[in-house]
Every structure is written in C-alpha cells, then in structure tokens.
>>> print(open('upload_21.cif').read())   # mmCIF, C-alpha atoms
data_work
loop_
_atom_site.label_atom_id
_atom_site.label_comp_id
_atom_site.auth_asym_id
_atom_site.auth_seq_id
_atom_site.Cartn_x
_atom_site.Cartn_y
_atom_site.Cartn_z
CA MET A 1 83.91 130.08 -71.27
CA THR A 2 83.10 133.03 -73.53
CA VAL A 3 85.62 135.37 -75.12
CA TRP A 4 84.67 138.05 -72.59
CA ASP A 5 85.91 136.04 -69.60
CA ASP A 6 89.47 137.37 -70.01
CA LEU A 7 88.33 140.99 -69.65
CA VAL A 8 88.98 141.35 -65.94
CA GLY A 9 86.93 144.06 -64.26
CA GLN A 10 85.58 145.42 -67.58
CA GLU A 11 81.90 144.50 -67.30
CA ARG A 12 80.69 147.75 -68.88
CA VAL A 13 82.96 147.40 -71.91
CA SER A 14 82.12 143.70 -72.26
CA ALA A 15 78.40 144.53 -72.36
CA GLN A 16 78.92 147.15 -75.06
CA LEU A 17 81.03 144.83 -77.20
CA ASP A 18 78.60 141.96 -76.72
CA ALA A 19 75.72 144.14 -77.97
CA ALA A 20 77.77 145.28 -80.95
CA ALA A 21 78.73 141.67 -81.78
CA ARG A 22 75.06 140.69 -81.74
CA ASP A 23 74.19 143.49 -84.17
CA ALA A 24 77.19 142.61 -86.34
CA ASP A 25 76.00 139.01 -86.46
CA ALA A 26 72.54 140.20 -87.50
CA LEU A 27 74.04 142.38 -90.25
CA VAL A 28 75.96 139.43 -91.72
CA THR A 29 72.95 137.13 -91.43
CA ALA A 30 70.71 139.68 -93.13
CA ALA A 31 73.12 140.20 -96.04
CA GLY A 32 71.74 138.70 -99.23
CA THR A 33 68.35 137.96 -97.67
CA ASP A 34 65.06 139.76 -97.29
CA VAL A 35 65.64 140.17 -93.54
CA PRO A 36 66.07 143.86 -92.70
CA PRO A 37 69.19 144.82 -90.71
CA PRO A 38 68.84 146.28 -87.20
CA GLU A 39 67.52 149.85 -87.33
CA ALA A 40 69.78 151.24 -84.60
CA SER A 41 72.86 149.07 -84.88
CA LYS A 42 75.49 149.27 -82.15
CA MET A 43 78.05 148.03 -84.67
CA THR A 44 80.41 150.39 -86.47
CA HIS A 45 83.41 150.06 -88.77
CA ALA A 46 86.13 151.51 -86.47
CA TRP A 47 86.77 151.21 -82.74
CA LEU A 48 89.34 152.83 -80.47
CA PHE A 49 90.26 150.98 -77.25
CA THR A 50 92.10 153.07 -74.67
CA GLY A 51 93.14 152.49 -71.10
CA PRO A 52 96.19 152.40 -68.81
CA PRO A 53 98.79 149.63 -69.10
CA GLY A 54 97.40 146.34 -67.86
CA ALA A 55 93.75 147.28 -68.32
CA GLY A 56 93.51 144.77 -71.19
CA ARG A 57 92.81 146.94 -74.22
CA ASN A 58 94.50 144.50 -76.62
CA GLN A 59 92.67 141.58 -75.02
CA ALA A 60 89.35 143.42 -75.36
CA ALA A 61 90.00 144.13 -79.04
CA ARG A 62 90.98 140.51 -79.72
CA ALA A 63 87.95 139.20 -77.84
CA PHE A 64 85.74 141.45 -79.99
CA ALA A 65 87.48 140.19 -83.13
CA ALA A 66 86.77 136.62 -82.03
CA ALA A 67 83.11 137.43 -81.37
CA LEU A 68 82.81 138.93 -84.87
CA GLN A 69 84.19 135.71 -86.37
CA CYS A 70 82.15 133.36 -84.15
CA VAL A 71 80.44 130.55 -86.07
CA SER A 72 78.81 128.77 -83.13
CA PRO A 73 75.41 127.25 -84.07
CA ASP A 74 74.04 128.60 -80.77
CA ARG A 75 73.79 132.04 -82.40
CA ALA A 76 70.79 130.87 -84.41
CA LEU A 77 69.05 129.95 -81.16
CA GLY A 78 69.52 133.41 -79.67
CA GLY A 79 72.96 132.82 -78.17
CA SER A 80 75.54 135.59 -78.09
CA PRO A 81 78.49 135.53 -80.53
CA GLY A 82 81.79 134.85 -78.82
CA CYS A 83 81.40 131.31 -77.51
CA GLY A 84 85.17 130.91 -77.18
CA PHE A 85 85.15 127.31 -78.48
CA CYS A 86 84.25 127.35 -82.18
CA ASP A 87 86.88 127.48 -84.91
CA GLY A 88 86.25 131.17 -85.59
CA CYS A 89 86.70 132.16 -81.94
CA HIS A 90 89.68 129.88 -81.33
CA THR A 91 91.73 130.94 -84.35
CA ALA A 92 90.98 134.63 -83.76
CA LEU A 93 92.09 134.40 -80.13
CA ILE A 94 95.37 132.63 -80.90
CA GLY A 95 96.13 134.86 -83.89
CA THR A 96 95.83 132.41 -86.80
CA HIS A 97 92.48 133.45 -88.31
CA ALA A 98 92.89 134.32 -91.99
CA ASP A 99 90.61 137.36 -91.69
CA VAL A 100 92.05 138.84 -88.49
CA THR A 101 95.23 140.82 -89.19
CA THR A 102 97.27 142.07 -86.24
CA VAL A 103 99.67 144.99 -86.55
CA ALA A 104 102.14 145.72 -83.74
CA ALA A 105 105.16 147.97 -83.60
CA VAL A 106 108.34 146.05 -84.31
CA GLY A 107 110.56 148.95 -83.26
CA THR A 108 109.61 152.26 -81.72
CA GLN A 109 107.22 153.10 -84.58
CA ILE A 110 104.78 151.43 -86.95
CA LEU A 111 106.26 152.29 -90.32
CA ALA A 112 104.33 152.92 -93.53
CA ASP A 113 105.96 149.83 -95.04
CA ASP A 114 104.51 147.74 -92.19
CA MET A 115 101.01 149.08 -92.90
CA ARG A 116 100.97 149.02 -96.71
CA ASP A 117 99.88 145.41 -97.21
CA THR A 118 97.49 145.62 -94.26
CA VAL A 119 95.72 148.69 -95.64
CA ARG A 120 95.46 146.98 -99.03
CA LYS A 121 93.97 143.89 -97.39
CA SER A 122 91.41 146.01 -95.51
CA PHE A 123 89.70 146.82 -98.81
CA THR A 124 89.12 143.17 -99.67
CA SER A 125 86.21 140.95 -98.68
CA PRO A 126 86.67 138.32 -95.97
CA ALA A 127 88.26 135.14 -97.29
CA ASN A 128 86.71 132.68 -94.86
CA GLY A 129 85.30 134.57 -91.92
CA ARG A 130 82.35 136.88 -91.46
CA TRP A 131 84.36 140.12 -91.19
CA GLN A 132 87.72 141.44 -92.27
CA VAL A 133 89.24 142.59 -88.96
CA ILE A 134 92.35 144.79 -88.68
CA LEU A 135 93.71 145.00 -85.13
CA VAL A 136 96.38 147.67 -84.50
CA GLU A 137 97.85 146.97 -81.08
CA ASP A 138 100.10 150.04 -80.83
CA ALA A 139 98.15 152.80 -82.53
CA GLU A 140 100.10 155.41 -80.55
CA ARG A 141 103.24 154.29 -82.43
CA LEU A 142 101.88 155.12 -85.88
CA ASN A 143 104.18 157.65 -87.52
CA GLU A 144 102.90 160.38 -89.85
CA LYS A 145 102.90 158.28 -93.01
CA SER A 146 101.43 155.13 -91.52
CA ALA A 147 98.78 157.18 -89.65
CA ASN A 148 97.73 158.85 -92.91
CA ALA A 149 97.42 155.42 -94.55
CA VAL A 150 95.17 154.25 -91.70
CA LEU A 151 93.11 157.44 -91.94
CA LYS A 152 92.35 156.87 -95.61
CA ALA A 153 91.32 153.28 -94.87
CA VAL A 154 89.11 154.27 -91.93
CA GLU A 155 87.43 157.08 -93.89
CA GLU A 156 86.13 154.79 -96.62
CA PRO A 157 86.29 151.17 -95.41
CA ALA A 158 85.01 148.14 -97.24
CA PRO A 159 81.47 147.09 -96.15
CA ARG A 160 82.66 144.10 -94.11
CA THR A 161 85.89 145.56 -92.69
CA VAL A 162 86.35 146.54 -89.05
CA TRP A 163 89.31 148.49 -87.66
CA LEU A 164 90.24 147.96 -83.98
CA LEU A 165 92.82 150.48 -82.72
CA CYS A 166 94.44 150.24 -79.28
CA ALA A 167 96.28 153.09 -77.53
CA PRO A 168 96.95 154.24 -73.95
CA SER A 169 94.78 157.36 -74.30
CA ILE A 170 92.61 159.06 -76.87
CA GLU A 171 95.16 161.89 -77.16
CA ASP A 172 97.73 159.40 -78.48
CA VAL A 173 95.76 159.03 -81.72
CA LEU A 174 95.36 161.63 -84.46
CA PRO A 175 92.14 163.67 -84.05
CA THR A 176 91.16 162.85 -87.63
CA ILE A 177 91.38 159.12 -86.88
CA ARG A 178 89.76 159.09 -83.46
CA SER A 179 86.84 161.20 -84.70
CA ARG A 180 85.93 158.30 -87.00
CA CYS A 181 86.11 155.66 -84.26
CA ARG A 182 83.78 154.60 -81.50
CA HIS A 183 85.75 155.10 -78.29
CA LEU A 184 85.83 152.56 -75.45
CA ASN A 185 87.88 153.45 -72.37
CA LEU A 186 88.99 150.60 -70.10
CA SER A 187 89.85 151.17 -66.46
CA THR A 188 92.48 149.49 -64.31
CA PRO A 189 90.83 146.43 -62.71
CA SER A 190 90.79 146.18 -58.94
CA VAL A 191 93.43 144.16 -57.12
CA ASP A 192 90.72 141.79 -55.86
CA ALA A 193 89.40 141.20 -59.39
CA VAL A 194 92.88 140.34 -60.70
CA ALA A 195 93.59 138.03 -57.75
CA ASP A 196 90.27 136.26 -58.29
CA MET A 197 91.11 135.76 -61.98
CA LEU A 198 94.49 134.24 -61.11
CA VAL A 199 92.85 131.77 -58.74
CA ARG A 200 90.03 130.80 -61.13
CA ARG A 201 91.89 130.77 -64.45
CA GLU A 202 95.46 129.90 -63.51
CA GLY A 203 94.95 127.78 -60.40
CA ILE A 204 97.22 130.02 -58.34
CA GLU A 205 97.16 129.69 -54.55
CA PRO A 206 95.06 132.60 -53.15
CA GLY A 207 97.89 134.10 -51.08
CA VAL A 208 100.30 134.13 -54.05
CA ALA A 209 97.59 135.51 -56.34
CA ALA A 210 96.79 138.33 -53.92
CA ALA A 211 100.46 139.24 -53.55
CA ALA A 212 101.01 139.30 -57.34
CA ALA A 213 97.90 141.40 -57.94
CA ARG A 214 98.86 143.84 -55.21
CA ALA A 215 102.47 144.14 -56.41
CA THR A 216 101.39 144.95 -59.97
CA GLN A 217 98.49 147.19 -58.90
CA GLY A 218 95.91 145.54 -61.13
CA HIS A 219 98.09 145.01 -64.24
CA VAL A 220 96.60 141.75 -65.49
CA ASP A 221 99.44 140.46 -67.71
CA ARG A 222 102.19 141.36 -65.25
CA ALA A 223 100.26 139.81 -62.37
CA ARG A 224 99.83 136.57 -64.33
CA ARG A 225 103.53 136.50 -65.20
CA LEU A 226 104.60 137.30 -61.65
CA ALA A 227 102.37 134.57 -60.22
CA THR A 228 103.41 131.87 -62.70
CA ASP A 229 107.04 132.64 -63.65
CA PRO A 230 109.79 132.29 -60.99
CA ALA A 231 112.24 134.15 -63.25
CA ALA A 232 109.90 137.16 -63.33
CA ARG A 233 109.72 137.15 -59.53
CA GLU A 234 113.51 137.06 -59.31
CA ARG A 235 113.88 139.96 -61.78
CA ARG A 236 111.42 142.04 -59.75
CA ALA A 237 113.22 141.20 -56.51
CA ALA A 238 116.51 142.36 -58.07
CA VAL A 239 114.91 145.66 -59.10
CA LEU A 240 113.54 146.22 -55.59
CA ARG A 241 117.04 145.73 -54.16
CA LEU A 242 118.43 148.52 -56.35
CA PRO A 243 117.47 151.46 -54.05
CA LEU A 244 119.72 150.02 -51.33
CA ARG A 245 122.66 149.60 -53.71
CA VAL A 246 123.08 153.21 -54.84
CA GLU A 247 124.61 154.60 -51.66
CA ASP A 248 128.00 155.12 -53.36
CA ILE A 249 129.01 155.99 -56.93
CA GLY A 250 130.44 152.57 -57.70
CA GLY A 251 127.29 150.83 -56.50
CA ALA A 252 125.08 153.17 -58.53
CA LEU A 253 127.00 152.57 -61.75
CA LYS A 254 127.15 148.81 -61.18
CA ALA A 255 123.40 148.66 -60.51
CA ALA A 256 122.75 150.58 -63.74
CA GLN A 257 124.91 148.18 -65.75
CA GLU A 258 123.18 145.13 -64.28
CA LEU A 259 119.73 146.60 -65.00
CA VAL A 260 120.62 147.23 -68.64
CA ASP A 261 122.29 143.82 -68.98
CA ALA A 262 119.18 142.07 -67.61
CA ALA A 263 116.99 143.88 -70.16
CA ALA A 264 119.40 142.94 -72.96
CA GLU A 265 119.28 139.31 -71.84
CA ASP A 266 115.47 139.37 -71.98
CA ALA A 267 115.65 140.69 -75.55
CA LYS A 268 118.22 138.04 -76.47
CA GLN A 269 116.05 135.23 -75.13
CA LEU A 270 113.04 136.45 -77.11
CA ALA A 271 115.18 136.77 -80.24
CA GLU A 272 116.46 133.24 -79.89
CA GLU A 273 112.90 131.96 -79.68
CA THR A 274 111.56 133.83 -82.70
CA ASP A 275 114.36 134.95 -85.04
CA ALA A 276 115.61 131.51 -86.03
CA LYS A 277 112.08 130.30 -86.76
CA GLU A 278 111.25 133.39 -88.83
CA THR A 279 114.47 133.13 -90.82
CA GLU A 280 114.01 129.44 -91.57
CA GLU A 281 110.39 129.97 -92.64
CA LEU A 282 111.44 132.79 -94.97
CA ARG A 283 114.27 130.74 -96.45
CA ALA A 284 111.85 127.90 -97.13
CA ALA A 285 109.34 130.28 -98.70
CA LEU A 286 112.07 131.67 -100.97
CA GLY A 287 113.01 128.18 -102.14
CA ALA A 288 116.24 127.58 -100.25
CA SER A 289 117.03 123.94 -99.56
CA GLN A 290 117.68 122.77 -96.02
CA GLY A 291 121.04 124.26 -95.10
CA GLY A 292 121.62 125.23 -98.74
CA ARG A 293 122.31 128.50 -100.49
CA MET A 294 119.67 131.14 -101.09
CA PRO A 295 118.39 131.70 -104.64
CA ARG A 296 119.68 134.76 -106.46
CA GLY A 297 117.96 138.06 -105.82
CA THR A 298 116.77 137.19 -102.32
CA ALA A 299 119.53 138.84 -100.29
CA GLY A 300 117.50 142.03 -99.94
CA VAL A 301 114.53 140.16 -98.48
CA ILE A 302 116.74 138.49 -95.88
CA LYS A 303 118.32 141.87 -95.06
CA ASP A 304 114.86 143.40 -94.51
CA LEU A 305 113.99 140.60 -92.09
CA GLU A 306 117.26 141.08 -90.20
CA ASP A 307 116.55 144.82 -89.88
CA LYS A 308 113.07 144.06 -88.57
CA GLN A 309 114.46 141.60 -86.03
CA LYS A 310 117.04 144.17 -84.88
CA ARG A 311 114.31 146.79 -84.33
CA ARG A 312 112.29 144.24 -82.37
CA ARG A 313 115.25 143.42 -80.10
CA THR A 314 115.76 147.11 -79.42
CA ARG A 315 112.13 147.59 -78.51
CA THR A 316 112.09 144.46 -76.34
CA GLN A 317 115.08 145.72 -74.38
CA ARG A 318 113.44 149.12 -73.86
CA ASP A 319 110.14 147.50 -72.86
CA SER A 320 111.96 145.33 -70.32
CA LEU A 321 113.69 148.40 -68.91
CA ASP A 322 110.39 150.24 -68.76
CA LEU A 323 108.89 147.36 -66.76
CA ALA A 324 111.77 147.57 -64.28
CA LEU A 325 111.31 151.34 -63.99
CA THR A 326 107.62 150.83 -63.31
CA ASP A 327 108.47 148.51 -60.41
CA LEU A 328 111.01 151.04 -59.15
CA THR A 329 108.45 153.84 -59.28
CA ALA A 330 106.00 151.72 -57.28
CA PHE A 331 108.73 151.09 -54.69
CA TYR A 332 109.41 154.77 -54.11
CA ARG A 333 105.69 155.51 -54.11
CA ASP A 334 105.41 153.07 -51.19
CA VAL A 335 108.30 154.85 -49.47
CA LEU A 336 106.45 158.14 -49.89
CA ALA A 337 103.25 156.61 -48.49
CA LEU A 338 105.12 155.50 -45.36
CA GLN A 339 106.73 158.91 -44.96
CA LEU A 340 103.32 160.55 -45.12
CA GLY A 341 101.89 158.14 -42.58
CA SER A 342 99.77 155.97 -44.91
CA ARG A 343 100.02 152.18 -45.06
CA VAL A 344 96.81 151.51 -46.97
CA ALA A 345 98.21 151.52 -50.50
CA ILE A 346 101.48 149.64 -49.95
CA ALA A 347 102.06 147.51 -53.05
CA ASN A 348 105.43 145.96 -52.18
CA ALA A 349 104.63 144.45 -48.81
CA ASP A 350 107.28 141.77 -49.43
CA ALA A 351 109.98 144.50 -49.32
CA GLU A 352 108.68 146.22 -46.19
CA ASP A 353 112.05 146.23 -44.39
CA ALA A 354 113.70 148.12 -47.25
CA LEU A 355 110.75 150.48 -47.50
CA GLU A 356 110.94 151.28 -43.78
CA ARG A 357 114.68 151.84 -43.95
CA LEU A 358 114.47 154.31 -46.83
CA ALA A 359 111.43 156.04 -45.36
CA ARG A 360 113.32 156.69 -42.10
CA GLY A 361 116.53 157.77 -43.84
CA SER A 362 115.13 160.34 -46.26
CA SER A 363 112.49 163.03 -46.61
CA PRO A 364 109.31 163.07 -48.71
CA GLU A 365 110.91 165.79 -50.85
CA SER A 366 113.89 163.57 -51.73
CA THR A 367 111.55 160.66 -52.49
CA LEU A 368 109.61 162.85 -54.91
CA ARG A 369 112.87 163.88 -56.60
CA ARG A 370 113.77 160.20 -57.00
CA ILE A 371 110.40 159.45 -58.58
CA GLU A 372 110.99 162.38 -60.96
CA ALA A 373 114.43 160.94 -61.83
CA ILE A 374 112.81 157.64 -62.82
CA ALA A 375 110.27 159.50 -64.98
CA ALA A 376 113.13 161.44 -66.61
CA CYS A 377 114.86 158.14 -67.41
CA ARG A 378 111.72 156.82 -69.10
CA ASP A 379 111.45 160.02 -71.14
CA ALA A 380 115.10 159.70 -72.17
CA LEU A 381 114.54 156.11 -73.33
CA ASP A 382 111.53 157.29 -75.36
CA ARG A 383 113.84 159.80 -77.07
CA ASN A 384 116.23 156.96 -77.98
CA VAL A 385 118.96 157.94 -75.53
CA ALA A 386 121.44 155.07 -75.10
CA PRO A 387 119.96 152.83 -72.36
CA LEU A 388 123.11 152.68 -70.24
CA LEU A 389 123.55 156.48 -70.24
CA ALA A 390 119.89 157.02 -69.29
CA VAL A 391 119.93 154.44 -66.49
CA GLU A 392 123.29 155.62 -65.11
CA ALA A 393 121.95 159.18 -64.92
CA MET A 394 118.93 157.84 -63.05
CA THR A 395 120.89 155.77 -60.51
CA MET A 396 123.17 158.73 -59.79
CA ALA A 397 120.09 160.88 -59.20
CA LEU A 398 118.65 158.20 -56.91
CA ARG A 399 121.91 158.30 -54.93
CA ALA A 400 121.81 162.09 -54.62
CA GLY A 401 118.16 162.09 -53.52
#
>>> encode(input="upload_21.cif", output="structure tokens")
Amino acid sequence: MTVWDDLVGQERVSAQLDAAARDADALVTAAGTDVPPPEASKMTHAWLFTGPPGAGRNQAARAFAAALQCVSPDRALGGSPGCGFCDGCHTALIGTHADVTTVAAVGTQILADDMRDTVRKSFTSPANGRWQVILVEDAERLNEKSANAVLKAVEEPAPRTVWLLCAPSIEDVLPTIRSRCRHLNLSTPSVDAVADMLVRREGIEPGVAAAAARATQGHVDRARRLATDPAARERRAAVLRLPLRVEDIGGALKAAQELVDAAAEDAKQLAEETDAKETEELRAALGASQGGRMPRGTAGVIKDLEDKQKRRRTRTQRDSLDLALTDLTAFYRDVLALQLGSRVAIANADAEDALERLARGSSPESTLRRIEAIAACRDALDRNVAPLLAVEAMTMALRAG
C-alpha cells in the first residue's frame, strides 16, 4: 500500500506528486556526488494544495511529505518513493517525523507567534530525514503577520526545505505567496469512489458504505466517520430532524439550543482527550513533580497553554456547528430537488419521508430562502457572532420560510 492510496479519486494529482517525489529523490541522491541532477525537475520548494472540503488536500500534502522522506531500499532499484511502510513514510503519515512540521489553526487564525518557531526551523537543514517539510493545513487562516512571515520564508527557502500549503481555494492565499507556489487543485471524489474506498480500506458493508458516501456527497473524512461511528450517525439524524421541529417559536428556539449544546459537547470531549495530556507533558517538561507544585517563573507558560486550549475549544465548537449546517444545507437542497421534479441527486434518501413532507408543504422560493438563512448563519459564525444568537436567528428564519 503506497502513500497515494488514501487519495480517493485524485489520480491526476497523485501522478504529479509521484513524479515530483521521484525527482526530489534524485536531487537528494545526487547531492554530494558527481551525478548530475535532473535537467527538468518536477520538484519545487513550495506547493499549494486547494480543493473543496473533503477532497483530501491535507491528506495529499501529508502523502507527499511521506514520499519525500521515504527511505525504502526499493528506490535504488527504480521503485517510486512513498512505499508507505518504511520508517520515513510511517512517521511522516502519523505526524511524528522530526523533519515534518505541521501547522494548523488552533483558533480562528494562525497567529504570528504560532509560526515564529516554524519559520525559524524552515531555514535549518533536515535533522534525520531527506527534506525539511513544513505543512500548513489551514493556510487560509494565516493573518497578516503570520502570512508575511511565511512569505519571507517561501521567497528564500533553505536548499532542502519544502513548504506545503493547504487552502480551500487559491483566492484564500495571498497573491504574493501563491505566485511562489506550484498549484495543485483537487476535485471532490465521486460517490462511487468514496464508497469503494470504505469497502476496501475500512471493511464497511457495501450498502452502508454507499449510503455514507451519498449522504456526505463525496466528503472522504465525513463518509468514513459516518460509516464507522454510531455517534456521528445519531448526530446527523438529529440535525435532519430539525426542519420538522421549527414549526413554532418555542420549537425553533429549543432546536437552536440543542444544536449549540451538541457542538459544545463535541468540543468538551475533544478537550478532555487532549488538554490533560498536553498539560501533564508541559508540567513534566518544566520540571514539576507528579502532582507537585510548578517551579517559579513557569506560570506564564501554563497560562499560554490554557489560552491555546481555549481557542481550540472555540474552534472545535464552531467546526462542529459548521458540519451540522452543512448537513442541513444538503437536506434543504434535496427538498428543492424534489420540488423541481428531480430525484437524481437526492443525498438524504434515509430521510425521504421528511423531505417529501417539506417539499409538499412549501414552495421552491421558501426553500431557497431557508438555504440562504443557513448560509447567513455560517457567515455570522465566521464573524465571531455568539453561536446561540446566530443559530437562533437561523432557526427562526427556517420557521418563517
């Protein structure tokens, strides 16, 4: 199983990255020898991966990072880098490789403080691997200062440093940064391709895999979660019941509160899994004994970690809400399809009774207004409007139609 096997429906991108990894391997092999490097190398120092949610841009970037760090002996026999089994591939894929640094937004932005050490590291030579790889998973969340720091690093990188930036679209990245990157655009994989992946890789029953792929419209990660996690299926079912619960004001407000509470619970569960471990590791690194007091002068470091964890909880809650709003949008899109006489693109076949009921009881114009209300709620959340206020405004608009 190579590192490219997780790139569902991205054969064109996989071929381009595979060719670049081969040239990168030749460049490293030729360094310090009399062997000339490739004349027309497909390798470059900065890459920009774009594509809609679920297309797998982060997975593509990480697979490329693994191929760059591949140490399989098969390479010397003409094999392609990216075997998926060697130490370089394995540690890069799971995020523990010393020369693969991942940067992701903790809150709503990637701050300059979060990038400072990473930019400094980008100018150093690889410690153990073949390349120094910097993977920025949320390049669209770079603020002005952190984007300028990345720009300076991308303009004049170290010889063996590679920047991999991921964003939804090329317009989400500063023109000065994207002009220095090689752009790869990923497309949403087909429903059949995602279902086939779930059967082959996860052992999911074909009917369940097809239903999950269809419900998520080709979003690979969400389809995998929906097919394997009963709690995720229950959360989605609760969201799809919401349109039938907003017929009166009390029901609309209660549905909004439950939606926000469910997102907060998701954030709390993630925090419980990660915050305690992070805090204990930091305490140990600062020299605190088990259950003992912290050394003097370390209170500020602990406070910084707590602030980071708070920003992460806020983002997790908003991401969970955004996922619910995506499901809600798909529901009303199905309603609109039925109202216009089309049944081909129905994603939520498991909620067909509710779809039929709403399609008969409203007009296409009111359905479009409801879809616009959901989009307005997402925009409000992006502007840091209090989640409950934004969702209550949306549910009241859904009631009004």
>>> closest_residue(input="upload_21.cif", among="A:Lys310, A:Arg318, A:Ala112, A:Glu247", to="Leu358 (chain A)", atoms="only C-alpha atoms")
A:Glu247
>>> resolve_selection(input="upload_21.cif", expression="the PyMOL selection byres ((chain A and resi 80) around 9)", output="PyMOL selection string")
chain A and resi 18-19+21-22+67+74-75+78-79+81-83
>>> residues_around(input="upload_21.cif", residues="region 48-57 of chain A", least_positions_apart="2", cutoff="8 Å", atoms="only C-alpha atoms", output="number ranges by chain")
A: 7-8, 46, 59-61, 164-170, 178, 181-189, 218-222
>>> closest_residue(input="upload_21.cif", among="A:Leu111, A:Val3, A:Ala255, A:Ala349", to="Ala147 (chain A)", atoms="only C-alpha atoms")
A:Leu111
>>> residues_around(input="upload_21.cif", residues="Thr91 (chain A)", least_positions_apart="6", cutoff="9 Å", atoms="only C-alpha atoms", output="VMD selection string")
chain A and resid 66 97 to 98 100
>>> resolve_selection(input="upload_21.cif", expression="the PyMOL selection byres ((chain A and resi 380-386) around 12)", output="PDB file with C-alpha atoms, in the coordinates of the input")
ATOM      1  CA  GLY A 107     110.560 148.950 -83.260  1.00  0.00           C
ATOM      2  CA  THR A 108     109.610 152.260 -81.720  1.00  0.00           C
ATOM      3  CA  GLN A 109     107.220 153.100 -84.580  1.00  0.00           C
ATOM      4  CA  ARG A 141     103.240 154.290 -82.430  1.00  0.00           C
ATOM      5  CA  VAL A 260     120.620 147.230 -68.640  1.00  0.00           C
ATOM      6  CA  THR A 314     115.760 147.110 -79.420  1.00  0.00           C
ATOM      7  CA  ARG A 315     112.130 147.590 -78.510  1.00  0.00           C
ATOM      8  CA  GLN A 317     115.080 145.720 -74.380  1.00  0.00           C
ATOM      9  CA  ARG A 318     113.440 149.120 -73.860  1.00  0.00           C
ATOM     10  CA  ASP A 319     110.140 147.500 -72.860  1.00  0.00           C
ATOM     11  CA  SER A 320     111.960 145.330 -70.320  1.00  0.00           C
ATOM     12  CA  LEU A 321     113.690 148.400 -68.910  1.00  0.00           C
ATOM     13  CA  ASP A 322     110.390 150.240 -68.760  1.00  0.00           C
ATOM     14  CA  LEU A 325     111.310 151.340 -63.990  1.00  0.00           C
ATOM     15  CA  ALA A 373     114.430 160.940 -61.830  1.00  0.00           C
ATOM     16  CA  ILE A 374     112.810 157.640 -62.820  1.00  0.00           C
ATOM     17  CA  ALA A 375     110.270 159.500 -64.980  1.00  0.00           C
ATOM     18  CA  ALA A 376     113.130 161.440 -66.610  1.00  0.00           C
ATOM     19  CA  CYS A 377     114.860 158.140 -67.410  1.00  0.00           C
ATOM     20  CA  ARG A 378     111.720 156.820 -69.100  1.00  0.00           C
ATOM     21  CA  ASP A 379     111.450 160.020 -71.140  1.00  0.00           C
ATOM     22  CA  PRO A 387     119.960 152.830 -72.360  1.00  0.00           C
ATOM     23  CA  LEU A 388     123.110 152.680 -70.240  1.00  0.00           C
ATOM     24  CA  LEU A 389     123.550 156.480 -70.240  1.00  0.00           C
ATOM     25  CA  ALA A 390     119.890 157.020 -69.290  1.00  0.00           C
ATOM     26  CA  VAL A 391     119.930 154.440 -66.490  1.00  0.00           C
ATOM     27  CA  GLU A 392     123.290 155.620 -65.110  1.00  0.00           C
ATOM     28  CA  ALA A 393     121.950 159.180 -64.920  1.00  0.00           C
ATOM     29  CA  MET A 394     118.930 157.840 -63.050  1.00  0.00           C
TER      30      MET A 394
END
>>> atom_distance(input="upload_21.cif", atom1="CA of Asp138 (chain A)", atom2="CA of Ala105 (chain A)")
6.1 Å
>>> resolve_selection(input="upload_21.cif", expression="the PyMOL selection byres ((chain A and resi 212-216) around 6)", output="number ranges by chain")
A: 191, 194-195, 209-211, 217-219, 223, 226-227, 347-348
>>> build_atoms(input="upload_21.cif", residues="region 13-29 of chain A", atoms="N, CA and C atoms", output="PDB file, in the coordinates of the input")
ATOM      1  N   VAL A  13      82.439 147.528 -70.552  1.00  0.00           N
ATOM      2  CA  VAL A  13      82.960 147.400 -71.910  1.00  0.00           C
ATOM      3  C   VAL A  13      82.519 146.073 -72.530  1.00  0.00           C
ATOM      4  N   SER A  14      82.543 145.002 -71.750  1.00  0.00           N
ATOM      5  CA  SER A  14      82.120 143.700 -72.260  1.00  0.00           C
ATOM      6  C   SER A  14      80.669 143.745 -72.734  1.00  0.00           C
ATOM      7  N   ALA A  15      79.809 144.428 -71.973  1.00  0.00           N
ATOM      8  CA  ALA A  15      78.400 144.530 -72.360  1.00  0.00           C
ATOM      9  C   ALA A  15      78.238 145.293 -73.661  1.00  0.00           C
ATOM     10  N   GLN A  16      78.998 146.373 -73.835  1.00  0.00           N
ATOM     11  CA  GLN A  16      78.920 147.150 -75.060  1.00  0.00           C
ATOM     12  C   GLN A  16      79.391 146.342 -76.266  1.00  0.00           C
ATOM     13  N   LEU A  17      80.497 145.630 -76.094  1.00  0.00           N
ATOM     14  CA  LEU A  17      81.030 144.830 -77.200  1.00  0.00           C
ATOM     15  C   LEU A  17      80.111 143.660 -77.518  1.00  0.00           C
ATOM     16  N   ASP A  18      79.526 143.060 -76.498  1.00  0.00           N
ATOM     17  CA  ASP A  18      78.600 141.960 -76.720  1.00  0.00           C
ATOM     18  C   ASP A  18      77.393 142.424 -77.538  1.00  0.00           C
ATOM     19  N   ALA A  19      76.850 143.603 -77.209  1.00  0.00           N
ATOM     20  CA  ALA A  19      75.720 144.140 -77.970  1.00  0.00           C
ATOM     21  C   ALA A  19      76.106 144.443 -79.404  1.00  0.00           C
ATOM     22  N   ALA A  20      77.312 144.992 -79.591  1.00  0.00           N
ATOM     23  CA  ALA A  20      77.770 145.280 -80.950  1.00  0.00           C
ATOM     24  C   ALA A  20      77.978 144.003 -81.746  1.00  0.00           C
ATOM     25  N   ALA A  21      78.525 142.951 -81.094  1.00  0.00           N
ATOM     26  CA  ALA A  21      78.730 141.670 -81.780  1.00  0.00           C
ATOM     27  C   ALA A  21      77.408 141.054 -82.196  1.00  0.00           C
ATOM     28  N   ARG A  22      76.383 141.198 -81.368  1.00  0.00           N
ATOM     29  CA  ARG A  22      75.060 140.690 -81.740  1.00  0.00           C
ATOM     30  C   ARG A  22      74.535 141.407 -82.978  1.00  0.00           C
ATOM     31  N   ASP A  23      74.660 142.733 -83.005  1.00  0.00           N
ATOM     32  CA  ASP A  23      74.190 143.490 -84.170  1.00  0.00           C
ATOM     33  C   ASP A  23      75.023 143.167 -85.409  1.00  0.00           C
ATOM     34  N   ALA A  24      76.339 142.971 -85.218  1.00  0.00           N
ATOM     35  CA  ALA A  24      77.190 142.610 -86.340  1.00  0.00           C
ATOM     36  C   ALA A  24      76.790 141.257 -86.911  1.00  0.00           C
ATOM     37  N   ASP A  25      76.455 140.325 -86.021  1.00  0.00           N
ATOM     38  CA  ASP A  25      76.000 139.010 -86.460  1.00  0.00           C
ATOM     39  C   ASP A  25      74.697 139.126 -87.253  1.00  0.00           C
ATOM     40  N   ALA A  26      73.801 139.996 -86.788  1.00  0.00           N
ATOM     41  CA  ALA A  26      72.540 140.200 -87.500  1.00  0.00           C
ATOM     42  C   ALA A  26      72.761 140.836 -88.867  1.00  0.00           C
ATOM     43  N   LEU A  27      73.733 141.747 -88.959  1.00  0.00           N
ATOM     44  CA  LEU A  27      74.040 142.380 -90.250  1.00  0.00           C
ATOM     45  C   LEU A  27      74.540 141.357 -91.256  1.00  0.00           C
ATOM     46  N   VAL A  28      75.434 140.451 -90.811  1.00  0.00           N
ATOM     47  CA  VAL A  28      75.960 139.430 -91.720  1.00  0.00           C
ATOM     48  C   VAL A  28      74.856 138.452 -92.108  1.00  0.00           C
ATOM     49  N   THR A  29      74.037 138.072 -91.149  1.00  0.00           N
ATOM     50  CA  THR A  29      72.950 137.130 -91.430  1.00  0.00           C
ATOM     51  C   THR A  29      71.945 137.715 -92.406  1.00  0.00           C
TER      52      THR A  29
END
